[in-house]
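Next comes my_file.cif, with mmCIF, C-alpha atoms.
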data_my_file
loop_
_atom_site.label_atom_id
_atom_site.label_comp_id
_atom_site.auth_asym_id
_atom_site.auth_seq_id
_atom_site.Cartn_x
_atom_site.Cartn_y
_atom_site.Cartn_z
CA MET C 1292 37.22 -38.18 9.50
CA CYS C 1293 38.02 -38.37 5.80
CA ARG C 1294 40.10 -35.39 4.78
CA SER C 1295 39.80 -36.08 1.07
CA ILE C 1296 36.08 -35.29 1.07
CA LYS C 1297 35.70 -31.65 0.09
CA THR C 1298 32.98 -29.24 1.15
CA LEU C 1299 30.24 -29.16 -1.48
CA ARG C 1300 27.88 -26.48 -0.18
CA PRO C 1301 27.73 -23.01 -1.63
CA PRO C 1302 29.37 -20.55 -1.48
CA VAL C 1303 32.40 -22.72 -0.65
CA THR C 1304 31.85 -24.70 -3.84
CA PRO C 1305 29.50 -22.81 -6.16
CA ASP C 1306 29.35 -25.36 -9.01
CA VAL C 1307 28.81 -28.90 -7.76
CA SER C 1308 28.38 -31.75 -10.22
CA GLU C 1309 26.90 -35.21 -9.80
CA GLU C 1310 30.48 -36.43 -10.20
CA ASP C 1311 31.54 -34.34 -7.17
CA ILE C 1312 28.72 -35.81 -5.08
CA ARG C 1313 29.49 -39.36 -6.20
CA ALA C 1314 33.21 -38.93 -5.44
CA ALA C 1315 32.43 -37.71 -1.92
CA ALA C 1316 30.00 -40.60 -1.38
CA LEU C 1317 32.60 -43.09 -2.60
CA GLN C 1318 35.23 -41.66 -0.23
CA TYR C 1319 32.80 -41.87 2.67
CA VAL C 1320 31.85 -45.50 1.97
CA ARG C 1321 35.50 -46.44 1.53
CA LYS C 1322 36.36 -44.89 4.88
CA VAL C 1323 33.45 -46.44 6.77
CA SER C 1324 33.84 -49.90 5.22
CA GLY C 1325 37.63 -49.96 5.38
CA PHE C 1326 37.81 -51.13 1.76
CA ARG C 1327 39.26 -49.16 -1.12
CA ALA C 1328 37.73 -51.64 -3.54
CA PRO C 1329 35.32 -54.29 -2.28
CA ALA C 1330 35.66 -57.99 -2.97
CA GLU C 1331 33.27 -59.36 -5.57
CA HIS C 1332 30.94 -60.74 -2.89
CA ASN C 1333 30.66 -57.23 -1.34
CA ARG C 1334 30.49 -55.21 -4.54
CA GLU C 1335 26.69 -54.93 -4.75
CA VAL C 1336 26.20 -53.74 -1.16
CA PHE C 1337 29.17 -51.36 -1.54
CA GLU C 1338 27.66 -49.77 -4.67
CA GLN C 1339 24.23 -49.56 -3.02
CA ALA C 1340 25.82 -47.71 -0.11
CA VAL C 1341 27.56 -45.27 -2.47
CA ASP C 1342 24.24 -44.64 -4.25
CA ALA C 1343 22.41 -44.08 -0.94
CA VAL C 1344 25.06 -41.68 0.39
CA ALA C 1345 25.09 -39.78 -2.92
CA ALA C 1346 21.29 -39.43 -2.81
CA ALA C 1347 21.38 -38.28 0.82
CA THR C 1348 24.12 -35.77 -0.04
CA HIS C 1349 22.08 -34.40 -2.93
CA ASP C 1350 19.03 -34.06 -0.66
CA LEU C 1351 21.13 -32.34 2.01
CA LEU C 1352 22.55 -29.82 -0.45
CA ALA C 1353 19.09 -29.19 -1.90
CA GLY C 1354 17.66 -28.46 1.54
CA LEU C 1355 20.44 -26.35 3.04
CA ARG C 1356 19.77 -22.68 3.61
CA VAL C 1357 22.89 -20.55 3.49
CA ARG C 1358 22.76 -17.19 5.28
CA GLY C 1359 22.39 -14.41 2.77
CA GLY C 1360 21.81 -16.99 0.06
CA GLY C 1361 18.13 -16.29 -0.39
CA SER C 1362 15.74 -19.14 -1.10
CA ARG C 1363 16.04 -22.71 0.06
CA GLY C 1364 17.78 -25.14 -2.25
CA GLY C 1365 19.15 -22.44 -4.50
CA GLY C 1366 22.76 -23.53 -4.15
CA ALA C 1367 24.61 -26.65 -5.13
CA ALA C 1368 21.61 -28.80 -5.96
CA GLN C 1369 20.18 -26.20 -8.30
CA ALA C 1370 23.51 -26.06 -10.09
CA LEU C 1371 23.27 -29.83 -10.57
CA ASP C 1372 19.98 -30.05 -12.38
CA GLY C 1373 18.81 -26.48 -12.73
CA SER C 1374 15.62 -27.06 -10.78
CA GLY C 1375 16.76 -27.41 -7.20
CA SER C 1376 14.63 -30.55 -6.86
CA SER C 1377 15.91 -33.21 -4.56
CA SER C 1378 17.16 -36.59 -5.68
CA SER C 1379 14.29 -38.29 -3.87
CA ALA C 1380 11.91 -36.42 -6.16
CA ARG C 1381 13.96 -37.50 -9.17
CA THR C 1382 14.32 -41.13 -8.10
CA GLY C 1383 10.88 -41.58 -6.59
CA ARG C 1384 12.25 -42.39 -3.11
#
How would this structure read if it were set down as structure tokens?
Amino acid sequence: MCRSIKTLRPPVTPDVSEEDIRAAALQYVRKVSGFRAPAEHNREVFEQAVDAVAAATHDLLAGLRVRGGGSRGGGAAQALDGSGSSSSARTGR
């Protein structure tokens, strides 16, 4: 689909930042919408979509179990905030 989105799960990418997650979410929304930059009248829904995809990506990474990786959520998400808690717990969603 979108070749510029890189794999974010450990051990492929051991240190994932919020910036990495946001960049992947932005690339996804750009690809799906067909817009590199939305028109002013689409900007709010575009940004909401990027936020939603970033939150879903964070939750996915927090919940993935990698073989030989030990406990659940100990990979990329833990590197993000040190706790391994999901974004839904942080945002209240």
Practice problem: Using atom CA of Pro1329 of chain C and atom CA of Leu1352 of chain C as the two end points, give the distance in Å to one decimal. | Solution: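 That distance, rounded to one decimal, is 27.7 Å.
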Self-check item: Of the listed residues C:Arg1358, C:Arg1334, C:Arg1313, C:Arg1327, that which approaches Ala1346 of chain C most closely, counting only C-alpha atoms
Solution: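 Closest to Ala1346 of chain C of all the choices is C:Arg1313.
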Quiz item: Distance atom CA of Leu1317 of chain C-atom CA of Val1344 of chain C, one decimal place?
Solution: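 It comes out at 8.2 Å.
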Quiz item: Taking into account all atoms listed in the file, which residue in the set C:Ala1330, C:Glu1335, C:Asp1342, C:Asp1350 is nearest to Glu1310 of chain C?
Solution: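 Using all atoms listed in the file, Glu1310 of chain C sits closest to C:Asp1342.
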Practice problem: Any chance you could resolve the PyMOL selection byres ((chain C and resi 1322-1324) around 12) against this file and give the residues as a PyMOL selection string? | Solution: chain C and resi 1292-1296+1315-1321+1325-1330+1333-1334+1336-1338+1340-1341+1344
Exercise. Find the residues around Lys1297 of chain C up to 10 Å (all atoms listed in the file counted), leave out those fewer than 6 positions away in its own chain, and share them as a ChimeraX atom specification.
Key: /C:1303-1304,1311-1312,1314-1315
